[in-house]
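Notes follow once the structure below has been shown.
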Amino acid sequence: MQSTTVFRRFVSAGLSLTLTVLFSTCSTKEAAPEPAGPVKDFFTQLIQIVEQNSINRKKIDWVDYKAKVWAKVGSAKKVPETELAMILAMALLKDNHSGIIFDNQRGLYGGIGCQPLPALSPFMFAEPNIGYVKVEGFNGSGQEAINFAQNIQNDIARQDDKNLIGWIVDLRRNLGGNMYPMIAGLGPIIGEGLCGYFYDADDKPTATFSYKNGAAWLGEQPLTTAAKPYKLINNNPRVAVLLGGSTASSGEATAIAFIGRPNTRLFGAVSCGLTTGNTQYNLPFYGYRLNLFTVNMGDRTGKIYGKEIMPDELVTDDQAIAKAVKWLSQ
């Protein structure tokens, strides 16, 4: 999911190390060697950020967390030598989503991941009175995001007809990325107005996301706007949303945008469970950046997630479209 805020904090803090000296008649036990200065500073800052900002910060035993991470760091001399410690630091957050990105290319994650994408097989939707839109993962921004949103709206406009009885929105292959182009693209079907909320560790709403005037908004800021917004011929149609175990992160945010909408039903499998929002923090060494999950998503009704989405009707992947068509045709 795209970051909402980037903080640049460069903190240099000493690590307080308590030495227990064991006296005997002939020997003294020495303390374990500390990591090198840059490594020590890197993990001091990393731990400070996650302790202050992780969505799970109130559920974590931080004394135990720090002990395990520092033990994994050991006496490393260089930051790249500590990537296993970085992975452990992410895993111990227990959000299955946070990660450390290196030079925008490699990610170090501690989560268990999602189900593999379903097989991509030839498919032709052949229901003349039902619209079908598939939205897969997308990570772009800027003009690329505008084009992505406009292409979805163009697909909707191409299929729209006064005789349509409803729409199928297929998110089964959506692994996430940037939620706002997805919502902007699907806006004509979602409809104008509030789509959902972000909540902090105290379950207090911190921001909203919505679709208005051809744009997907974060609070009062439009983040992606379709170049030529389209409006459906028939307002407020029936909509069947398809989910799967690979529907994750921004894909789940897009599904949440439909939950609580009238005339809407979700079909398929339980989603991956990455319904959290992130903040990015630049770390001071070697091009590493922390992608930390700091808020949970909630739907327009006020239900808070932070876990998987349960569809209204659990069905196998090969039955999802047929079940959706049957419901739309009722």
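Identifiers in the structure tokens: chain A, B, ... in order shown; residue index from 1 per chain; ligand index from 1 in order shown.
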
Self-check item: Every residue of range 135-277 of chain A that DSSP places in alpha helix (DSSP H), as a count of residues only
Solution: 37

Quiz item: Near Phe42 in chain A, counting only C-alpha atoms, which residues have an atom at most 8 Å away, once you skip same-chain residues fewer than 6 positions from it, shown as a ChimeraX atom specification?
Solution: /A:79,283-285

Exercise. Could you tell me which of A:Ala145, A:Leu194, A:Leu242, A:Leu175 comes closest to Thr275 in chain A if we count only C-alpha atoms?
Key: A:Leu175

Quiz item: When distances are computed from only C-alpha atoms, which of A:Tyr132, A:Trp167, A:Tyr65, A:Phe102 shows the smallest separation from Leu290 in chain A?
Solution: A:Phe102

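For His97 in chain A, the list of residues within 10 Å, based on only C-alpha atoms and with local chain neighbours fewer than 3 positions off taken out, reads A:Met90, A:Ala91, A:Leu93, A:Lys94, A:Tyr109, A:Gly110, A:Gly111, A:Ile112, A:Gly113, A:Ala248, A:Ser249, A:Gly273, A:Leu274, A:Thr275, A:Thr276, A:Gly277, A:Asn278, A:Asn291, A:Leu292, A:Phe293.
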
Report the closest atom pair, with its distance in Å rounded to one decimal, for each residue of range 94-149 of chain A that has an atom no farther than 12 Å from range 47-59 of chain A; count only C-alpha atoms, sort by chain and then rising residue number, and write it as a tab-separated table.
residue	atom	partner	partner_atom	distance
A:Lys94	CA	A:Asn56	CA	7.5
A:Asp95	CA	A:Asn56	CA	7.2
A:Asn96	CA	A:Asn56	CA	11.0
A:His97	CA	A:Ile55	CA	10.8
A:Ser98	CA	A:Ser54	CA	9.0
A:Gly99	CA	A:Val50	CA	11.2
A:Ile100	CA	A:Val50	CA	11.7

Quiz item: Which is closest to Phe267 in chain A among A:Met182, A:Pro188, A:Glu220, A:Leu171, if we use only C-alpha atoms?
Solution: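 That would be A:Leu171, the residue with the smallest distance to Phe267 in chain A.
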
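For the choices A:Cys114, A:Ala184, A:Ala253, A:Ala157, the atom-to-atom distance to Val270 in chain A is smallest for A:Cys114 when using only C-alpha atoms.
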
What's the 10 Å shell around range 214-217 of chain A, counting only C-alpha atoms, without same-chain residues fewer than 3 positions away, as a PDB file with N, CA and C atoms, in the first residue's frame?
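Final output, selection.pdb:
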ATOM      1  N   ILE A 146      -2.762   7.575 -12.642  1.00  0.00           N
ATOM      2  CA  ILE A 146      -3.900   8.184 -13.335  1.00  0.00           C
ATOM      3  C   ILE A 146      -4.326   7.314 -14.514  1.00  0.00           C
ATOM      4  N   ALA A 149      -6.154   4.146 -13.264  1.00  0.00           N
ATOM      5  CA  ALA A 149      -7.538   4.439 -12.873  1.00  0.00           C
ATOM      6  C   ALA A 149      -8.413   4.697 -14.092  1.00  0.00           C
ATOM      7  N   GLN A 150      -7.901   5.461 -15.051  1.00  0.00           N
ATOM      8  CA  GLN A 150      -8.698   5.788 -16.233  1.00  0.00           C
ATOM      9  C   GLN A 150      -8.988   4.548 -17.068  1.00  0.00           C
ATOM     10  N   GLN A 153     -11.906   2.850 -15.534  1.00  0.00           N
ATOM     11  CA  GLN A 153     -13.145   3.574 -15.837  1.00  0.00           C
ATOM     12  C   GLN A 153     -13.536   3.414 -17.311  1.00  0.00           C
ATOM     13  N   MET A 179      -3.603   1.583  -3.190  1.00  0.00           N
ATOM     14  CA  MET A 179      -5.053   1.425  -3.145  1.00  0.00           C
ATOM     15  C   MET A 179      -5.804   2.533  -3.891  1.00  0.00           C
ATOM     16  N   TYR A 180      -5.234   3.729  -3.973  1.00  0.00           N
ATOM     17  CA  TYR A 180      -5.992   4.882  -4.460  1.00  0.00           C
ATOM     18  C   TYR A 180      -6.301   4.825  -5.960  1.00  0.00           C
ATOM     19  N   PRO A 181      -5.392   4.400  -6.835  1.00  0.00           N
ATOM     20  CA  PRO A 181      -5.788   4.224  -8.237  1.00  0.00           C
ATOM     21  C   PRO A 181      -6.864   3.155  -8.415  1.00  0.00           C
ATOM     22  N   MET A 182      -6.844   2.132  -7.563  1.00  0.00           N
ATOM     23  CA  MET A 182      -7.867   1.087  -7.652  1.00  0.00           C
ATOM     24  C   MET A 182      -9.239   1.655  -7.309  1.00  0.00           C
ATOM     25  N   ILE A 183      -9.305   2.412  -6.219  1.00  0.00           N
ATOM     26  CA  ILE A 183     -10.581   2.997  -5.796  1.00  0.00           C
ATOM     27  C   ILE A 183     -11.033   4.063  -6.785  1.00  0.00           C
ATOM     28  N   ALA A 184     -10.090   4.862  -7.292  1.00  0.00           N
ATOM     29  CA  ALA A 184     -10.456   5.871  -8.296  1.00  0.00           C
ATOM     30  C   ALA A 184     -11.014   5.206  -9.547  1.00  0.00           C
ATOM     31  N   GLY A 185     -10.403   4.097  -9.975  1.00  0.00           N
ATOM     32  CA  GLY A 185     -10.886   3.406 -11.160  1.00  0.00           C
ATOM     33  C   GLY A 185     -12.264   2.811 -10.975  1.00  0.00           C
ATOM     34  N   LEU A 186     -12.495   2.217  -9.814  1.00  0.00           N
ATOM     35  CA  LEU A 186     -13.778   1.562  -9.545  1.00  0.00           C
ATOM     36  C   LEU A 186     -14.828   2.521  -8.991  1.00  0.00           C
ATOM     37  N   GLY A 187     -14.471   3.786  -8.857  1.00  0.00           N
ATOM     38  CA  GLY A 187     -15.373   4.769  -8.267  1.00  0.00           C
ATOM     39  C   GLY A 187     -16.764   4.823  -8.854  1.00  0.00           C
ATOM     40  N   PRO A 188     -16.928   4.728 -10.184  1.00  0.00           N
ATOM     41  CA  PRO A 188     -18.289   4.765 -10.725  1.00  0.00           C
ATOM     42  C   PRO A 188     -19.184   3.658 -10.183  1.00  0.00           C
ATOM     43  N   GLY A 191     -19.504   4.282  -6.075  1.00  0.00           N
ATOM     44  CA  GLY A 191     -20.396   5.405  -5.814  1.00  0.00           C
ATOM     45  C   GLY A 191     -19.706   6.495  -5.023  1.00  0.00           C
ATOM     46  N   GLU A 192     -20.289   7.670  -5.039  1.00  0.00           N
ATOM     47  CA  GLU A 192     -19.718   8.837  -4.369  1.00  0.00           C
ATOM     48  C   GLU A 192     -19.824   8.719  -2.851  1.00  0.00           C
ATOM     49  N   GLY A 193     -18.751   9.203  -2.173  1.00  0.00           N
ATOM     50  CA  GLY A 193     -18.825   9.318  -0.724  1.00  0.00           C
ATOM     51  C   GLY A 193     -17.807   8.480   0.024  1.00  0.00           C
ATOM     52  N   LEU A 194     -18.035   8.367   1.310  1.00  0.00           N
ATOM     53  CA  LEU A 194     -17.129   7.666   2.220  1.00  0.00           C
ATOM     54  C   LEU A 194     -16.982   6.200   1.846  1.00  0.00           C
ATOM     55  N   CYS A 195     -15.734   5.717   1.860  1.00  0.00           N
ATOM     56  CA  CYS A 195     -15.448   4.300   1.601  1.00  0.00           C
ATOM     57  C   CYS A 195     -14.959   3.575   2.856  1.00  0.00           C
ATOM     58  N   THR A 208      -9.989   9.231   6.832  1.00  0.00           N
ATOM     59  CA  THR A 208     -10.979   8.543   6.005  1.00  0.00           C
ATOM     60  C   THR A 208     -10.417   8.347   4.603  1.00  0.00           C
ATOM     61  N   PHE A 209     -10.987   7.403   3.866  1.00  0.00           N
ATOM     62  CA  PHE A 209     -10.733   7.329   2.427  1.00  0.00           C
ATOM     63  C   PHE A 209     -12.078   7.266   1.717  1.00  0.00           C
ATOM     64  N   SER A 210     -12.141   7.873   0.544  1.00  0.00           N
ATOM     65  CA  SER A 210     -13.427   8.053  -0.121  1.00  0.00           C
ATOM     66  C   SER A 210     -13.243   8.204  -1.626  1.00  0.00           C
ATOM     67  N   TYR A 211     -14.368   8.226  -2.323  1.00  0.00           N
ATOM     68  CA  TYR A 211     -14.388   8.496  -3.768  1.00  0.00           C
ATOM     69  C   TYR A 211     -15.309   9.679  -4.021  1.00  0.00           C
ATOM     70  N   GLU A 220      -8.942  14.944   3.210  1.00  0.00           N
ATOM     71  CA  GLU A 220      -9.328  16.038   2.312  1.00  0.00           C
ATOM     72  C   GLU A 220      -8.373  16.192   1.140  1.00  0.00           C
ATOM     73  N   GLN A 221      -7.553  15.178   0.890  1.00  0.00           N
ATOM     74  CA  GLN A 221      -6.557  15.261  -0.183  1.00  0.00           C
ATOM     75  C   GLN A 221      -6.854  14.247  -1.274  1.00  0.00           C
ATOM     76  N   PRO A 222      -7.096  14.698  -2.509  1.00  0.00           N
ATOM     77  CA  PRO A 222      -7.271  13.748  -3.612  1.00  0.00           C
ATOM     78  C   PRO A 222      -5.922  13.172  -4.014  1.00  0.00           C
ATOM     79  N   LEU A 223      -5.794  11.842  -4.004  1.00  0.00           N
ATOM     80  CA  LEU A 223      -4.508  11.217  -4.296  1.00  0.00           C
ATOM     81  C   LEU A 223      -4.408  10.686  -5.717  1.00  0.00           C
ATOM     82  N   THR A 224      -5.512  10.211  -6.275  1.00  0.00           N
ATOM     83  CA  THR A 224      -5.522   9.793  -7.682  1.00  0.00           C
ATOM     84  C   THR A 224      -6.856  10.219  -8.292  1.00  0.00           C
ATOM     85  N   THR A 225      -6.798  10.892  -9.429  1.00  0.00           N
ATOM     86  CA  THR A 225      -8.001  11.380 -10.105  1.00  0.00           C
ATOM     87  C   THR A 225      -8.030  10.862 -11.533  1.00  0.00           C
ATOM     88  N   ALA A 226      -9.124  10.240 -11.915  1.00  0.00           N
ATOM     89  CA  ALA A 226      -9.291   9.808 -13.301  1.00  0.00           C
ATOM     90  C   ALA A 226      -9.346  11.035 -14.210  1.00  0.00           C
ATOM     91  N   ALA A 227      -8.698  10.944 -15.368  1.00  0.00           N
ATOM     92  CA  ALA A 227      -8.623  12.091 -16.268  1.00  0.00           C
ATOM     93  C   ALA A 227      -9.997  12.480 -16.807  1.00  0.00           C
ATOM     94  N   LYS A 228     -10.826  11.477 -17.128  1.00  0.00           N
ATOM     95  CA  LYS A 228     -12.166  11.723 -17.639  1.00  0.00           C
ATOM     96  C   LYS A 228     -13.156  10.855 -16.861  1.00  0.00           C
ATOM     97  N   PRO A 229     -13.574  11.309 -15.683  1.00  0.00           N
ATOM     98  CA  PRO A 229     -14.439  10.492 -14.821  1.00  0.00           C
ATOM     99  C   PRO A 229     -15.738  10.096 -15.519  1.00  0.00           C
ATOM    100  N   TYR A 230     -16.148   8.863 -15.259  1.00  0.00           N
ATOM    101  CA  TYR A 230     -17.361   8.331 -15.878  1.00  0.00           C
ATOM    102  C   TYR A 230     -18.447   8.154 -14.808  1.00  0.00           C
ATOM    103  N   LYS A 231     -19.700   8.308 -15.197  1.00  0.00           N
ATOM    104  CA  LYS A 231     -20.837   8.055 -14.311  1.00  0.00           C
ATOM    105  C   LYS A 231     -21.719   6.988 -14.941  1.00  0.00           C
TER     106      LYS A 231
END

Quiz item: Got a sec: who's within 9 Å of Arg265 in chain A, counting only C-alpha atoms, leaving out chain neighbours fewer than 5 positions off, as a ChimeraX atom specification?
Solution: /A:238-242,258-259,311-313,324,327

Dump of N, CA, C and O atoms for the selected residues, as an mmCIF file, in the first residue's frame:
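part-v2.cif, written as the output of this step:
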data_model
loop_
_atom_site.group_PDB
_atom_site.id
_atom_site.type_symbol
_atom_site.label_atom_id
_atom_site.label_comp_id
_atom_site.auth_asym_id
_atom_site.auth_seq_id
_atom_site.Cartn_x
_atom_site.Cartn_y
_atom_site.Cartn_z
ATOM 1 N N ARG A 238 -26.494 -3.289 -8.259
ATOM 2 C CA ARG A 238 -26.073 -4.430 -7.447
ATOM 3 C C ARG A 238 -24.634 -4.788 -7.828
ATOM 4 O O ARG A 238 -24.268 -4.749 -9.006
ATOM 5 N N VAL A 239 -23.827 -5.132 -6.816
ATOM 6 C CA VAL A 239 -22.413 -5.422 -7.064
ATOM 7 C C VAL A 239 -22.002 -6.667 -6.297
ATOM 8 O O VAL A 239 -22.236 -6.773 -5.083
ATOM 9 N N ALA A 240 -21.400 -7.614 -6.996
ATOM 10 C CA ALA A 240 -20.808 -8.800 -6.379
ATOM 11 C C ALA A 240 -19.298 -8.636 -6.424
ATOM 12 O O ALA A 240 -18.716 -8.440 -7.501
ATOM 13 N N VAL A 241 -18.643 -8.704 -5.268
ATOM 14 C CA VAL A 241 -17.192 -8.559 -5.174
ATOM 15 C C VAL A 241 -16.587 -9.933 -4.905
ATOM 16 O O VAL A 241 -17.021 -10.639 -3.982
ATOM 17 N N LEU A 242 -15.576 -10.307 -5.694
ATOM 18 C CA LEU A 242 -14.946 -11.614 -5.561
ATOM 19 C C LEU A 242 -13.617 -11.484 -4.824
ATOM 20 O O LEU A 242 -12.763 -10.672 -5.197
ATOM 21 N N PHE A 258 -16.182 -1.387 -0.675
ATOM 22 C CA PHE A 258 -17.522 -1.843 -1.065
ATOM 23 C C PHE A 258 -18.356 -2.305 0.132
ATOM 24 O O PHE A 258 -19.586 -2.367 0.031
ATOM 25 N N ILE A 259 -17.709 -2.669 1.233
ATOM 26 C CA ILE A 259 -18.441 -3.239 2.368
ATOM 27 C C ILE A 259 -19.295 -2.157 3.026
ATOM 28 O O ILE A 259 -18.820 -1.060 3.316
ATOM 29 N N PRO A 311 -15.824 -13.179 3.401
ATOM 30 C CA PRO A 311 -16.880 -12.887 2.427
ATOM 31 C C PRO A 311 -18.260 -13.246 2.981
ATOM 32 O O PRO A 311 -18.387 -14.051 3.907
ATOM 33 N N ASP A 312 -19.273 -12.653 2.391
ATOM 34 C CA ASP A 312 -20.647 -12.975 2.804
ATOM 35 C C ASP A 312 -20.993 -14.417 2.466
ATOM 36 O O ASP A 312 -21.772 -15.058 3.171
ATOM 37 N N GLU A 313 -20.413 -14.912 1.383
ATOM 38 C CA GLU A 313 -20.675 -16.288 0.963
ATOM 39 C C GLU A 313 -19.365 -16.972 0.614
ATOM 40 O O GLU A 313 -18.698 -16.600 -0.356
ATOM 41 N N ALA A 324 -21.951 -15.537 -7.950
ATOM 42 C CA ALA A 324 -22.184 -14.115 -8.082
ATOM 43 C C ALA A 324 -23.266 -13.832 -9.123
ATOM 44 O O ALA A 324 -24.165 -13.005 -8.898
ATOM 45 N N TRP A 327 -26.713 -14.667 -7.754
ATOM 46 C CA TRP A 327 -27.229 -13.660 -6.816
ATOM 47 C C TRP A 327 -27.667 -12.397 -7.563
ATOM 48 O O TRP A 327 -28.734 -11.846 -7.274
#

Determine which residues of range 206-319 of chain A receive a DSSP assignment of strand (DSSP E), computed from the backbone, and state them as a JSON list (two decimals) with N, CA, C and O atoms, in the first residue's frame.
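Okay, part08.json is ready:
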[["chain", "number", "residue", "atom", "x", "y", "z"],
["A", 206, "THR", "N", -8.32, 7.95, 12.49],
["A", 206, "THR", "CA", -7.31, 8.99, 12.22],
["A", 206, "THR", "C", -7.50, 9.63, 10.86],
["A", 206, "THR", "O", -7.02, 10.74, 10.62],
["A", 207, "ALA", "N", -8.16, 8.94, 9.93],
["A", 207, "ALA", "CA", -8.37, 9.48, 8.58],
["A", 207, "ALA", "C", -9.46, 8.68, 7.90],
["A", 207, "ALA", "O", -9.81, 7.56, 8.33],
["A", 208, "THR", "N", -9.99, 9.23, 6.83],
["A", 208, "THR", "CA", -10.98, 8.54, 6.00],
["A", 208, "THR", "C", -10.42, 8.35, 4.60],
["A", 208, "THR", "O", -9.46, 9.01, 4.19],
["A", 209, "PHE", "N", -10.99, 7.40, 3.87],
["A", 209, "PHE", "CA", -10.73, 7.33, 2.43],
["A", 209, "PHE", "C", -12.08, 7.27, 1.72],
["A", 209, "PHE", "O", -13.05, 6.70, 2.24],
["A", 210, "SER", "N", -12.14, 7.87, 0.54],
["A", 210, "SER", "CA", -13.43, 8.05, -0.12],
["A", 210, "SER", "C", -13.24, 8.20, -1.63],
["A", 210, "SER", "O", -12.12, 8.30, -2.13],
["A", 211, "TYR", "N", -14.37, 8.23, -2.32],
["A", 211, "TYR", "CA", -14.39, 8.50, -3.77],
["A", 211, "TYR", "C", -15.31, 9.68, -4.02],
["A", 211, "TYR", "O", -16.49, 9.66, -3.64],
["A", 212, "LYS", "N", -14.77, 10.73, -4.62],
["A", 212, "LYS", "CA", -15.56, 11.92, -4.93],
["A", 212, "LYS", "C", -15.06, 12.57, -6.21],
["A", 212, "LYS", "O", -13.85, 12.71, -6.40],
["A", 215, "ALA", "N", -12.16, 11.12, -8.11],
["A", 215, "ALA", "CA", -10.89, 10.96, -7.41],
["A", 215, "ALA", "C", -11.04, 10.09, -6.17],
["A", 215, "ALA", "O", -12.09, 10.05, -5.53],
["A", 216, "ALA", "N", -9.95, 9.39, -5.84],
["A", 216, "ALA", "CA", -9.84, 8.69, -4.56],
["A", 216, "ALA", "C", -9.15, 9.63, -3.59],
["A", 216, "ALA", "O", -8.08, 10.18, -3.88],
["A", 217, "TRP", "N", -9.75, 9.81, -2.41],
["A", 217, "TRP", "CA", -9.28, 10.80, -1.44],
["A", 217, "TRP", "C", -8.77, 10.12, -0.18],
["A", 217, "TRP", "O", -9.34, 9.13, 0.29],
["A", 218, "LEU", "N", -7.72, 10.69, 0.40],
["A", 218, "LEU", "CA", -7.29, 10.39, 1.76],
["A", 218, "LEU", "C", -7.61, 11.63, 2.58],
["A", 218, "LEU", "O", -6.98, 12.68, 2.40],
["A", 221, "GLN", "N", -7.55, 15.18, 0.89],
["A", 221, "GLN", "CA", -6.56, 15.26, -0.18],
["A", 221, "GLN", "C", -6.85, 14.25, -1.27],
["A", 221, "GLN", "O", -6.86, 13.04, -1.02],
["A", 222, "PRO", "N", -7.10, 14.70, -2.51],
["A", 222, "PRO", "CA", -7.27, 13.75, -3.61],
["A", 222, "PRO", "C", -5.92, 13.17, -4.01],
["A", 222, "PRO", "O", -5.00, 13.91, -4.35],
["A", 223, "LEU", "N", -5.79, 11.84, -4.00],
["A", 223, "LEU", "CA", -4.51, 11.22, -4.30],
["A", 223, "LEU", "C", -4.41, 10.69, -5.72],
["A", 223, "LEU", "O", -3.33, 10.66, -6.29],
["A", 224, "THR", "N", -5.51, 10.21, -6.27],
["A", 224, "THR", "CA", -5.52, 9.79, -7.68],
["A", 224, "THR", "C", -6.86, 10.22, -8.29],
["A", 224, "THR", "O", -7.91, 9.92, -7.73],
["A", 225, "THR", "N", -6.80, 10.89, -9.43],
["A", 225, "THR", "CA", -8.00, 11.38, -10.11],
["A", 225, "THR", "C", -8.03, 10.86, -11.53],
["A", 225, "THR", "O", -7.06, 11.01, -12.28],
["A", 239, "VAL", "N", -23.83, -5.13, -6.82],
["A", 239, "VAL", "CA", -22.41, -5.42, -7.06],
["A", 239, "VAL", "C", -22.00, -6.67, -6.30],
["A", 239, "VAL", "O", -22.24, -6.77, -5.08],
["A", 240, "ALA", "N", -21.40, -7.61, -7.00],
["A", 240, "ALA", "CA", -20.81, -8.80, -6.38],
["A", 240, "ALA", "C", -19.30, -8.64, -6.42],
["A", 240, "ALA", "O", -18.72, -8.44, -7.50],
["A", 241, "VAL", "N", -18.64, -8.70, -5.27],
["A", 241, "VAL", "CA", -17.19, -8.56, -5.17],
["A", 241, "VAL", "C", -16.59, -9.93, -4.90],
["A", 241, "VAL", "O", -17.02, -10.64, -3.98],
["A", 242, "LEU", "N", -15.58, -10.31, -5.69],
["A", 242, "LEU", "CA", -14.95, -11.61, -5.56],
["A", 242, "LEU", "C", -13.62, -11.48, -4.82],
["A", 242, "LEU", "O", -12.76, -10.67, -5.20],
["A", 243, "LEU", "N", -13.43, -12.30, -3.78],
["A", 243, "LEU", "CA", -12.21, -12.32, -2.97],
["A", 243, "LEU", "C", -11.56, -13.70, -3.04],
["A", 243, "LEU", "O", -12.19, -14.69, -3.35],
["A", 264, "THR", "N", -24.78, -4.87, -2.18],
["A", 264, "THR", "CA", -23.43, -5.41, -2.39],
["A", 264, "THR", "C", -23.25, -6.69, -1.61],
["A", 264, "THR", "O", -23.70, -6.80, -0.45],
["A", 265, "ARG", "N", -22.57, -7.67, -2.21],
["A", 265, "ARG", "CA", -22.31, -8.94, -1.54],
["A", 265, "ARG", "C", -20.94, -9.45, -1.96],
["A", 265, "ARG", "O", -20.55, -9.34, -3.12],
["A", 266, "LEU", "N", -20.19, -10.02, -0.99],
["A", 266, "LEU", "CA", -18.85, -10.54, -1.25],
["A", 266, "LEU", "C", -18.89, -12.05, -1.35],
["A", 266, "LEU", "O", -19.50, -12.73, -0.52],
["A", 267, "PHE", "N", -18.19, -12.59, -2.38],
["A", 267, "PHE", "CA", -18.15, -14.02, -2.63],
["A", 267, "PHE", "C", -16.70, -14.49, -2.72],
["A", 267, "PHE", "O", -15.82, -13.76, -3.17],
["A", 268, "GLY", "N", -16.45, -15.74, -2.33],
["A", 268, "GLY", "CA", -15.13, -16.32, -2.50],
["A", 268, "GLY", "C", -14.55, -16.85, -1.22],
["A", 268, "GLY", "O", -15.25, -17.37, -0.35],
["A", 276, "THR", "N", -4.09, -3.33, 6.90],
["A", 276, "THR", "CA", -3.43, -2.30, 7.69],
["A", 276, "THR", "C", -2.84, -1.26, 6.76],
["A", 276, "THR", "O", -2.58, -1.53, 5.59],
["A", 277, "GLY", "N", -2.63, -0.06, 7.30],
["A", 277, "GLY", "CA", -2.07, 1.03, 6.52],
["A", 277, "GLY", "C", -0.67, 1.36, 7.00],
["A", 277, "GLY", "O", -0.37, 1.23, 8.19],
["A", 278, "ASN", "N", 0.19, 1.83, 6.10],
["A", 278, "ASN", "CA", 1.60, 1.98, 6.42],
["A", 278, "ASN", "C", 2.09, 3.41, 6.47],
["A", 278, "ASN", "O", 1.49, 4.32, 5.90],
["A", 279, "THR", "N", 3.19, 3.58, 7.15],
["A", 279, "THR", "CA", 3.98, 4.80, 7.11],
["A", 279, "THR", "C", 5.41, 4.39, 6.79],
["A", 279, "THR", "O", 5.88, 3.36, 7.27],
["A", 280, "GLN", "N", 6.10, 5.18, 5.98],
["A", 280, "GLN", "CA", 7.48, 4.85, 5.62],
["A", 280, "GLN", "C", 8.45, 5.75, 6.37],
["A", 280, "GLN", "O", 8.21, 6.95, 6.51],
["A", 281, "TYR", "N", 9.52, 5.14, 6.84],
["A", 281, "TYR", "CA", 10.56, 5.84, 7.60],
["A", 281, "TYR", "C", 11.91, 5.56, 6.94],
["A", 281, "TYR", "O", 12.27, 4.39, 6.75],
["A", 282, "ASN", "N", 12.65, 6.61, 6.65],
["A", 282, "ASN", "CA", 13.99, 6.43, 6.12],
["A", 282, "ASN", "C", 14.95, 6.11, 7.26],
["A", 282, "ASN", "O", 15.03, 6.84, 8.24],
["A", 288, "TYR", "N", 18.43, 1.59, 3.42],
["A", 288, "TYR", "CA", 17.32, 0.82, 4.00],
["A", 288, "TYR", "C", 16.18, 1.76, 4.40],
["A", 288, "TYR", "O", 16.41, 2.85, 4.93],
["A", 289, "ARG", "N", 14.95, 1.32, 4.16],
["A", 289, "ARG", "CA", 13.75, 2.09, 4.51],
["A", 289, "ARG", "C", 12.74, 1.18, 5.20],
["A", 289, "ARG", "O", 12.48, 0.07, 4.73],
["A", 290, "LEU", "N", 12.19, 1.65, 6.29],
["A", 290, "LEU", "CA", 11.22, 0.87, 7.05],
["A", 290, "LEU", "C", 9.81, 1.16, 6.56],
["A", 290, "LEU", "O", 9.38, 2.31, 6.49],
["A", 291, "ASN", "N", 9.09, 0.11, 6.19],
["A", 291, "ASN", "CA", 7.69, 0.21, 5.79],
["A", 291, "ASN", "C", 6.88, -0.37, 6.94],
["A", 291, "ASN", "O", 6.68, -1.58, 7.03],
["A", 292, "LEU", "N", 6.42, 0.49, 7.84],
["A", 292, "LEU", "CA", 5.82, 0.06, 9.10],
["A", 292, "LEU", "C", 4.32, 0.25, 9.07],
["A", 292, "LEU", "O", 3.82, 1.32, 8.68],
["A", 293, "PHE", "N", 3.60, -0.73, 9.56],
["A", 293, "PHE", "CA", 2.14, -0.63, 9.56],
["A", 293, "PHE", "C", 1.67, -0.05, 10.89],
["A", 293, "PHE", "O", 1.92, -0.59, 11.95],
["A", 294, "THR", "N", 1.02, 1.12, 10.76],
["A", 294, "THR", "CA", 0.73, 1.97, 11.90],
["A", 294, "THR", "C", -0.76, 2.17, 12.16],
["A", 294, "THR", "O", -1.14, 2.73, 13.19],
["A", 295, "VAL", "N", -1.60, 1.75, 11.21],
["A", 295, "VAL", "CA", -3.05, 1.90, 11.38],
["A", 295, "VAL", "C", -3.76, 0.66, 10.85],
["A", 295, "VAL", "O", -3.24, -0.06, 10.00],
["A", 296, "ASN", "N", -4.95, 0.42, 11.37],
["A", 296, "ASN", "CA", -5.83, -0.61, 10.85],
["A", 296, "ASN", "C", -6.89, 0.01, 9.95],
["A", 296, "ASN", "O", -7.26, 1.18, 10.12],
["A", 297, "MET", "N", -7.38, -0.77, 8.98],
["A", 297, "MET", "CA", -8.45, -0.30, 8.11],
["A", 297, "MET", "C", -9.81, -0.63, 8.73],
["A", 297, "MET", "O", -9.96, -1.61, 9.46],
["A", 298, "GLY", "N", -10.78, 0.20, 8.40],
["A", 298, "GLY", "CA", -12.16, -0.05, 8.81],
["A", 298, "GLY", "C", -13.10, 0.31, 7.69],
["A", 298, "GLY", "O", -12.79, 1.17, 6.85],
["A", 299, "ASP", "N", -14.25, -0.33, 7.64],
["A", 299, "ASP", "CA", -15.20, -0.04, 6.57],
["A", 299, "ASP", "C", -16.10, 1.15, 6.94],
["A", 299, "ASP", "O", -16.00, 1.72, 8.02],
["A", 313, "GLU", "N", -20.41, -14.91, 1.38],
["A", 313, "GLU", "CA", -20.68, -16.29, 0.96],
["A", 313, "GLU", "C", -19.36, -16.97, 0.61],
["A", 313, "GLU", "O", -18.70, -16.60, -0.36],
["A", 314, "LEU", "N", -18.98, -17.95, 1.44],
["A", 314, "LEU", "CA", -17.74, -18.70, 1.20],
["A", 314, "LEU", "C", -17.97, -19.72, 0.08],
["A", 314, "LEU", "O", -18.82, -20.60, 0.20]]
